[in-house]
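Raw contents of coords-v9.txt, compact mmCIF, C-alpha atoms and all ligand atoms:
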```txt
# COMPACT_ATOMS: atom_id res chain seq x y z
CA MET A 1 0.00 0.00 0.00
CA ILE A 2 1.00 3.60 -0.49
CA LEU A 3 0.53 5.86 2.51
CA SER A 4 -0.35 9.46 1.72
CA TYR A 5 1.60 12.23 3.44
CA ARG A 6 -1.88 13.47 4.36
CA SER A 7 -2.82 10.34 6.31
CA THR A 8 -4.73 10.83 9.51
CA CYS A 9 -2.49 8.28 11.20
CA THR A 10 1.21 8.98 11.30
CA ILE A 11 3.91 7.18 9.35
CA GLU A 12 4.93 5.48 12.59
CA GLU A 13 1.42 4.48 13.64
CA VAL A 14 0.73 2.84 10.30
CA ALA A 15 4.07 1.05 10.33
CA SER A 16 3.45 -0.39 13.77
CA SER A 17 -0.01 -1.66 12.97
CA CYS A 18 0.34 -3.00 9.46
CA ASN A 19 2.50 -5.76 8.02
CA ALA A 20 1.78 -4.93 4.41
CA VAL A 21 4.52 -3.82 2.07
CA ARG A 22 4.33 -0.06 2.48
CA PHE A 23 5.43 2.78 0.22
CA PHE A 24 5.25 6.40 1.34
CA GLN A 25 3.86 9.17 -0.86
CA CYS A 26 5.09 12.71 -0.46
CA TYR A 27 5.64 16.03 -2.16
CA VAL A 28 8.64 18.32 -2.28
CA TYR A 29 7.84 21.24 -0.05
CA LYS A 30 9.29 24.72 -0.14
CA ARG A 31 10.88 23.78 3.14
CA ARG A 32 12.99 20.84 2.09
CA ASP A 33 13.61 19.88 5.69
CA ILE A 34 9.94 18.90 5.94
CA SER A 35 10.21 16.53 2.98
CA ALA A 36 13.47 15.14 4.34
CA ASN A 37 11.91 14.57 7.74
CA LEU A 38 8.95 12.64 6.30
CA VAL A 39 11.04 10.59 3.89
CA GLN A 40 13.61 9.63 6.49
CA ARG A 41 10.95 8.70 9.01
CA ALA A 42 9.38 6.44 6.39
CA GLU A 43 12.74 4.84 5.70
CA ARG A 44 13.40 4.27 9.40
CA CYS A 45 9.94 2.71 9.75
CA GLY A 46 10.56 0.15 7.04
CA TYR A 47 8.65 1.65 4.14
CA LYS A 48 10.02 0.18 0.93
CA ALA A 49 9.85 3.09 -1.49
CA ILE A 50 9.13 6.79 -1.79
CA VAL A 51 6.39 7.82 -4.19
CA LEU A 52 6.91 11.42 -5.19
CA THR A 53 3.79 13.03 -6.61
CA VAL A 54 4.88 15.30 -9.44
CA ASP A 55 1.63 16.51 -10.93
CA SER A 56 0.74 19.09 -8.31
CA PRO A 57 3.13 22.05 -8.34
CA ARG A 58 0.00 23.93 -7.37
CA LEU A 59 -3.31 22.41 -6.51
CA GLY A 60 -5.95 22.43 -9.19
CA ARG A 61 -8.93 24.64 -8.50
CA ARG A 62 -11.00 22.07 -6.64
CA GLU A 63 -14.36 23.66 -6.90
CA LYS A 64 -16.16 20.94 -4.99
CA ASP A 65 -13.78 21.40 -2.05
CA ILE A 66 -14.34 25.14 -2.17
CA LYS A 67 -18.08 24.81 -2.46
CA ASN A 68 -18.20 22.34 0.41
CA LYS A 69 -15.76 24.40 2.50
CA MET A 70 -13.57 21.33 2.77
CA VAL A 71 -11.71 21.27 6.04
CA ASN A 72 -8.49 19.33 6.09
CA PRO A 73 -8.25 16.63 8.71
CA GLN A 74 -5.39 17.27 11.08
CA LEU A 75 -2.11 16.63 9.29
CA LYS A 76 -0.58 14.46 11.98
CA ASN A 77 2.62 13.78 10.08
CA PHE A 78 3.47 17.47 10.26
CA GLU A 79 3.04 17.87 13.99
CA GLY A 80 6.02 19.67 15.45
CA LEU A 81 7.31 20.54 11.99
CA VAL A 82 5.04 23.28 10.72
CA SER A 83 1.76 24.90 11.63
CA THR A 84 -1.03 23.43 9.58
CA GLN A 85 -3.64 25.81 10.87
CA VAL A 86 -4.66 27.75 7.78
CA SER A 87 -7.66 30.01 7.83
CA THR A 88 -9.16 31.07 4.55
CA ASP A 89 -12.31 32.88 3.56
CA ASP A 90 -12.16 31.22 0.20
CA GLY A 91 -13.50 27.82 1.06
CA SER A 92 -10.94 25.06 0.96
CA ASN A 93 -8.20 25.12 3.56
CA ILE A 94 -6.46 22.25 1.76
CA GLU A 95 -5.83 24.55 -1.16
CA ALA A 96 -4.60 27.30 1.11
CA PHE A 97 -2.16 25.06 2.94
CA ASP A 98 -0.82 22.93 0.11
CA ALA A 99 -0.56 25.43 -2.70
CA ASN A 100 0.31 28.63 -1.01
CA THR A 101 2.29 27.48 1.96
CA ALA A 102 3.82 24.15 1.34
CA PHE A 103 4.41 22.81 -2.16
CA ASP A 104 7.54 23.83 -4.06
CA ALA A 105 6.25 24.91 -7.46
CA SER A 106 9.80 25.04 -8.82
CA LEU A 107 10.09 21.25 -8.61
CA SER A 108 12.02 19.93 -11.61
CA TRP A 109 13.92 16.87 -12.78
CA LYS A 110 17.06 17.93 -10.96
CA ASP A 111 15.23 17.55 -7.66
CA ILE A 112 15.17 13.79 -8.09
CA GLY A 113 18.89 13.94 -7.38
CA TRP A 114 18.19 15.81 -4.17
CA LEU A 115 15.60 13.23 -3.12
CA ARG A 116 18.06 10.45 -3.85
CA SER A 117 20.65 12.21 -1.74
CA ILE A 118 18.48 12.04 1.38
CA THR A 119 17.26 8.44 1.13
CA ASN A 120 18.42 5.02 0.05
CA LEU A 121 14.90 3.96 -0.82
CA PRO A 122 13.76 3.48 -4.41
CA VAL A 123 11.96 6.52 -5.80
CA LEU A 124 8.79 6.30 -7.88
CA LEU A 125 7.16 9.24 -9.65
CA LYS A 126 3.40 9.52 -9.47
CA GLY A 127 1.64 11.58 -12.10
CA VAL A 128 3.45 10.62 -15.31
CA LEU A 129 1.19 10.69 -18.39
CA THR A 130 3.47 10.74 -21.42
CA HIS A 131 6.08 8.54 -23.02
CA GLU A 132 8.52 11.46 -23.02
CA ASP A 133 8.22 11.99 -19.30
CA ALA A 134 8.48 8.26 -18.65
CA ILE A 135 11.75 8.17 -20.61
CA LYS A 136 13.03 11.24 -18.80
CA ALA A 137 12.15 9.65 -15.48
CA VAL A 138 14.26 6.64 -16.34
CA GLU A 139 17.10 8.90 -17.48
CA VAL A 140 17.20 10.74 -14.17
CA GLY A 141 17.28 7.42 -12.35
CA VAL A 142 13.85 6.87 -10.88
CA ASP A 143 12.93 3.30 -10.08
CA GLY A 144 9.36 3.34 -11.29
CA ILE A 145 6.49 5.49 -12.41
CA VAL A 146 2.85 5.61 -11.48
CA VAL A 147 0.65 6.56 -14.39
CA SER A 148 -1.98 8.84 -12.94
CA ASN A 149 -3.88 12.00 -13.77
CA HIS A 150 -4.62 12.58 -10.08
CA GLY A 151 -8.24 11.71 -10.64
CA ALA A 152 -8.41 14.59 -13.15
CA ARG A 153 -8.59 16.93 -10.17
CA GLN A 154 -5.41 18.78 -11.01
CA LEU A 155 -5.64 19.95 -14.60
CA ASP A 156 -8.66 20.22 -16.82
CA TYR A 157 -8.59 18.17 -20.01
CA VAL A 158 -5.91 15.70 -18.91
CA PRO A 159 -6.28 12.36 -20.67
CA PRO A 160 -7.70 9.46 -18.68
CA SER A 161 -4.82 7.42 -17.28
CA ILE A 162 -6.08 4.28 -19.02
CA SER A 163 -5.82 5.97 -22.42
CA VAL A 164 -2.08 6.64 -22.07
CA LEU A 165 -1.11 3.19 -20.83
CA GLU A 166 -0.28 1.99 -24.32
CA GLU A 167 2.02 4.98 -24.80
CA VAL A 168 4.03 4.35 -21.66
CA LYS A 169 3.46 0.61 -21.48
CA PRO A 170 7.08 -0.56 -21.50
CA LEU A 171 7.83 1.57 -18.47
CA ILE A 172 4.77 1.15 -16.36
CA LEU A 173 4.96 -0.18 -12.85
CA ALA A 174 1.51 0.47 -11.53
CA VAL A 175 -1.64 2.48 -11.89
CA GLY A 176 -2.55 4.69 -9.01
CA PRO A 177 -2.19 4.19 -5.26
CA ALA A 178 -5.91 4.75 -4.82
CA CYS A 179 -6.30 1.50 -6.69
CA SER A 180 -3.71 -0.49 -4.78
CA SER A 181 -6.15 -3.35 -4.31
CA GLN A 182 -6.30 -3.59 -8.08
CA LEU A 183 -2.62 -3.01 -8.72
CA LEU A 184 -1.97 -3.58 -12.37
CA ASP A 185 1.39 -4.64 -13.65
CA PHE A 186 1.85 -3.86 -17.32
CA SER A 187 5.59 -4.24 -17.27
CA THR A 188 5.60 -7.43 -19.27
C1 LIG A 201 -9.63 12.49 -1.05
C2 LIG A 201 -8.43 12.25 -1.94
C3 LIG A 201 -7.17 12.52 -1.41
C4 LIG A 201 -6.04 12.31 -2.20
N1 LIG A 201 -4.80 12.55 -1.67
C5 LIG A 201 -3.71 12.34 -2.42
C6 LIG A 201 -2.42 12.55 -1.87
O1 LIG A 201 -2.27 12.92 -0.72
N2 LIG A 201 -1.36 12.34 -2.69
C7 LIG A 201 -1.50 11.92 -3.97
O2 LIG A 201 -0.49 11.72 -4.64
N3 LIG A 201 -2.70 11.70 -4.51
C8 LIG A 201 -3.81 11.91 -3.77
N4 LIG A 201 -5.04 11.70 -4.31
C9 LIG A 201 -5.16 11.24 -5.70
C10 LIG A 201 -5.18 9.72 -5.74
O3 LIG A 201 -3.97 9.19 -5.25
C11 LIG A 201 -5.35 9.18 -7.17
O4 LIG A 201 -4.36 9.71 -8.00
C12 LIG A 201 -6.69 9.52 -7.73
O5 LIG A 201 -7.70 9.04 -6.87
C13 LIG A 201 -6.90 8.96 -9.14
O6 LIG A 201 -6.56 7.59 -9.23
P1 LIG A 201 -5.45 7.10 -10.29
O7 LIG A 201 -4.19 7.74 -9.89
O8 LIG A 201 -5.45 5.62 -10.16
O9 LIG A 201 -5.91 7.56 -11.65
C14 LIG A 201 -6.17 11.87 -3.53
C15 LIG A 201 -7.46 11.59 -4.03
C16 LIG A 201 -8.57 11.78 -3.26
C17 LIG A 201 -9.94 11.48 -3.83
```

Could you take the file, read its structure, and then write that structure out as structure tokens?
Amino acid sequence: MILSYRSTCTIEEVASSCNAVRFFQCYVYKRRDISANLVQRAERCGYKAIVLTVDSPRLGRREKDIKNKMVNPQLKNFEGLVSTQVSTDDGSNIEAFDANTAFDASLSWKDIGWLRSITNLPVLLKGVLTHEDAIKAVEVGVDGIVVSNHGARQLDYVPPSISVLEEVKPLILAVGPACSSQLLDFST
């Protein structure tokens, strides 16, 4: 299974109560020490890989979250690292926290090297949708890709993940952590 950075149980709590093979999903934050803290905790707790989500330099405009005044559950993994209390008059506090405070929108291929420098775990990229990016991912040394359009919640008009599988087929490891129970291996 792939644990989201946003999980309501901490990296440690999940590790101590679950024997499944665990990967940890994270982002690169403006404050790199936060990413490093999460990644290294996951490594210490026996997670087997880091899944870096690369399709969200900023959050998409999640109109349903805004309309519903979505309130983020407490981000327990961040306790003691950063304040997650974000007040916004504009609806979604997830958007306010992730996009404006936390995520590093300058994320680029060179940052894979940085991630590799802080962990010995394999690194997978989540959010790849083209053959070109899959090739580039291999070139910069990632260990796998997750073909995903983030549920089409990030960018309008992204292709459905299933429609690009043929294009990236030789390089595919899996399709989407949300579907881990239906993990598909197209690598053969
Ligand atoms: C409530 C919710 C929370 C999500 N949180 C994350 C997250 O923290 N990190 C992430 O990479 N994707 C997150 N996603 C996106 C899913 O991982 C997944 O990409 C999406 O459901 C589409 O599935 P697919 O990737 O198999 O196409 C979230 C999706 C939903 C519905």

So which residues are near ligand LIG 201 (chain A), meaning at most 9 Å away with all atoms listed in the file counted, given back as a PDB file with C-alpha atoms, in the coordinates of the input?
```pdb
ATOM      1  CA  ILE A   2       1.000   3.600  -0.490  1.00  0.00           C
ATOM      2  CA  LEU A   3       0.530   5.860   2.510  1.00  0.00           C
ATOM      3  CA  SER A   4      -0.350   9.460   1.720  1.00  0.00           C
ATOM      4  CA  TYR A   5       1.600  12.230   3.440  1.00  0.00           C
ATOM      5  CA  ARG A   6      -1.880  13.470   4.360  1.00  0.00           C
ATOM      6  CA  SER A   7      -2.820  10.340   6.310  1.00  0.00           C
ATOM      7  CA  GLN A  25       3.860   9.170  -0.860  1.00  0.00           C
ATOM      8  CA  CYS A  26       5.090  12.710  -0.460  1.00  0.00           C
ATOM      9  CA  TYR A  27       5.640  16.030  -2.160  1.00  0.00           C
ATOM     10  CA  VAL A  51       6.390   7.820  -4.190  1.00  0.00           C
ATOM     11  CA  LEU A  52       6.910  11.420  -5.190  1.00  0.00           C
ATOM     12  CA  THR A  53       3.790  13.030  -6.610  1.00  0.00           C
ATOM     13  CA  VAL A  54       4.880  15.300  -9.440  1.00  0.00           C
ATOM     14  CA  ASP A  55       1.630  16.510 -10.930  1.00  0.00           C
ATOM     15  CA  SER A  56       0.740  19.090  -8.310  1.00  0.00           C
ATOM     16  CA  LYS A 126       3.400   9.520  -9.470  1.00  0.00           C
ATOM     17  CA  GLY A 127       1.640  11.580 -12.100  1.00  0.00           C
ATOM     18  CA  VAL A 146       2.850   5.610 -11.480  1.00  0.00           C
ATOM     19  CA  VAL A 147       0.650   6.560 -14.390  1.00  0.00           C
ATOM     20  CA  SER A 148      -1.980   8.840 -12.940  1.00  0.00           C
ATOM     21  CA  ASN A 149      -3.880  12.000 -13.770  1.00  0.00           C
ATOM     22  CA  HIS A 150      -4.620  12.580 -10.080  1.00  0.00           C
ATOM     23  CA  GLY A 151      -8.240  11.710 -10.640  1.00  0.00           C
ATOM     24  CA  ALA A 152      -8.410  14.590 -13.150  1.00  0.00           C
ATOM     25  CA  ARG A 153      -8.590  16.930 -10.170  1.00  0.00           C
ATOM     26  CA  PRO A 160      -7.700   9.460 -18.680  1.00  0.00           C
ATOM     27  CA  SER A 161      -4.820   7.420 -17.280  1.00  0.00           C
ATOM     28  CA  ILE A 162      -6.080   4.280 -19.020  1.00  0.00           C
ATOM     29  CA  ALA A 174       1.510   0.470 -11.530  1.00  0.00           C
ATOM     30  CA  VAL A 175      -1.640   2.480 -11.890  1.00  0.00           C
ATOM     31  CA  GLY A 176      -2.550   4.690  -9.010  1.00  0.00           C
ATOM     32  CA  PRO A 177      -2.190   4.190  -5.260  1.00  0.00           C
ATOM     33  CA  ALA A 178      -5.910   4.750  -4.820  1.00  0.00           C
ATOM     34  CA  CYS A 179      -6.300   1.500  -6.690  1.00  0.00           C
ATOM     35  CA  SER A 180      -3.710  -0.490  -4.780  1.00  0.00           C
TER      36      SER A 180
END
```

Check your understanding: Which residue, A:Arg58, A:Arg31, A:Leu155, A:Lys76, has the smallest gap to Ile11 of chain A when you use all atoms listed in the file?
Key ->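 Counting all atoms listed in the file, the residue closest to Ile11 of chain A is A:Lys76.
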
Test item: axis-aligned box, all listed atoms of segment 148-166 of chain A, 6 Å on each side, centre and edges in Å rounded to one decimal, as AutoDock Vina command-line options:
```
--center_x -4.5 --center_y 11.1 --center_z -17.2 --size_x 20.4 --size_y 30.2 --size_z 26.2
```

**Study point:** Nearby residues (only C-alpha atoms) at most 10 Å from Ser35 of chain A, same-chain spacing under 2 positions excluded, as a PyMOL selection string
**Key:** chain A and resi 5+26-33+37-41+78+103+115+118

Point to revise | Pairwise distance for atom CA of Asn68 of chain A and atom CA of Gln154 of chain A, rounded to one decimal in Å | key: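 Between atom CA of Asn68 of chain A and atom CA of Gln154 of chain A the gap is 17.5 Å.
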
Review point. For the atom pair atom CA of Ser163 of chain A and atom CA of Ile145 of chain A, what is the interatomic distance in Å to one decimal place?
Key: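 Those two atoms sit 15.9 Å apart.
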
Review point. Distance atom CA of Leu59 of chain A-atom CA of Phe23 of chain A, one decimal place?
Key: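 Separation of atom CA of Leu59 of chain A and atom CA of Phe23 of chain A: 22.5 Å.
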
**Study point:** Counting all atoms listed in the file, the residue of A:Met1, A:Ala15, A:Val138, A:Ala20 that sits nearest Ala42 of chain A
**Key:** A:Ala15

Practice item. Would you mind telling me which residue in A:Ile50, A:Val123, A:Val82, A:Leu129 lies nearest to Glu166 of chain A when using only C-alpha atoms? Key: A:Leu129

Practice item. Using all atoms listed in the file, find the one residue out of A:Pro159, A:Phe24, A:Arg44, A:Pro57 that sits nearest to Leu107 of chain A. Key: A:Pro57

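Counting all atoms listed in the file, the residue from A:Gly80, A:Ala49, A:Lys169, A:Lys69 that sits nearest to Leu124 of chain A is A:Ala49.
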
Review point. With distances taken over only C-alpha atoms, which of A:Leu81, A:Ala137, A:Leu75, A:Val21 is nearest to Cys9 of chain A?
Key: A:Leu75
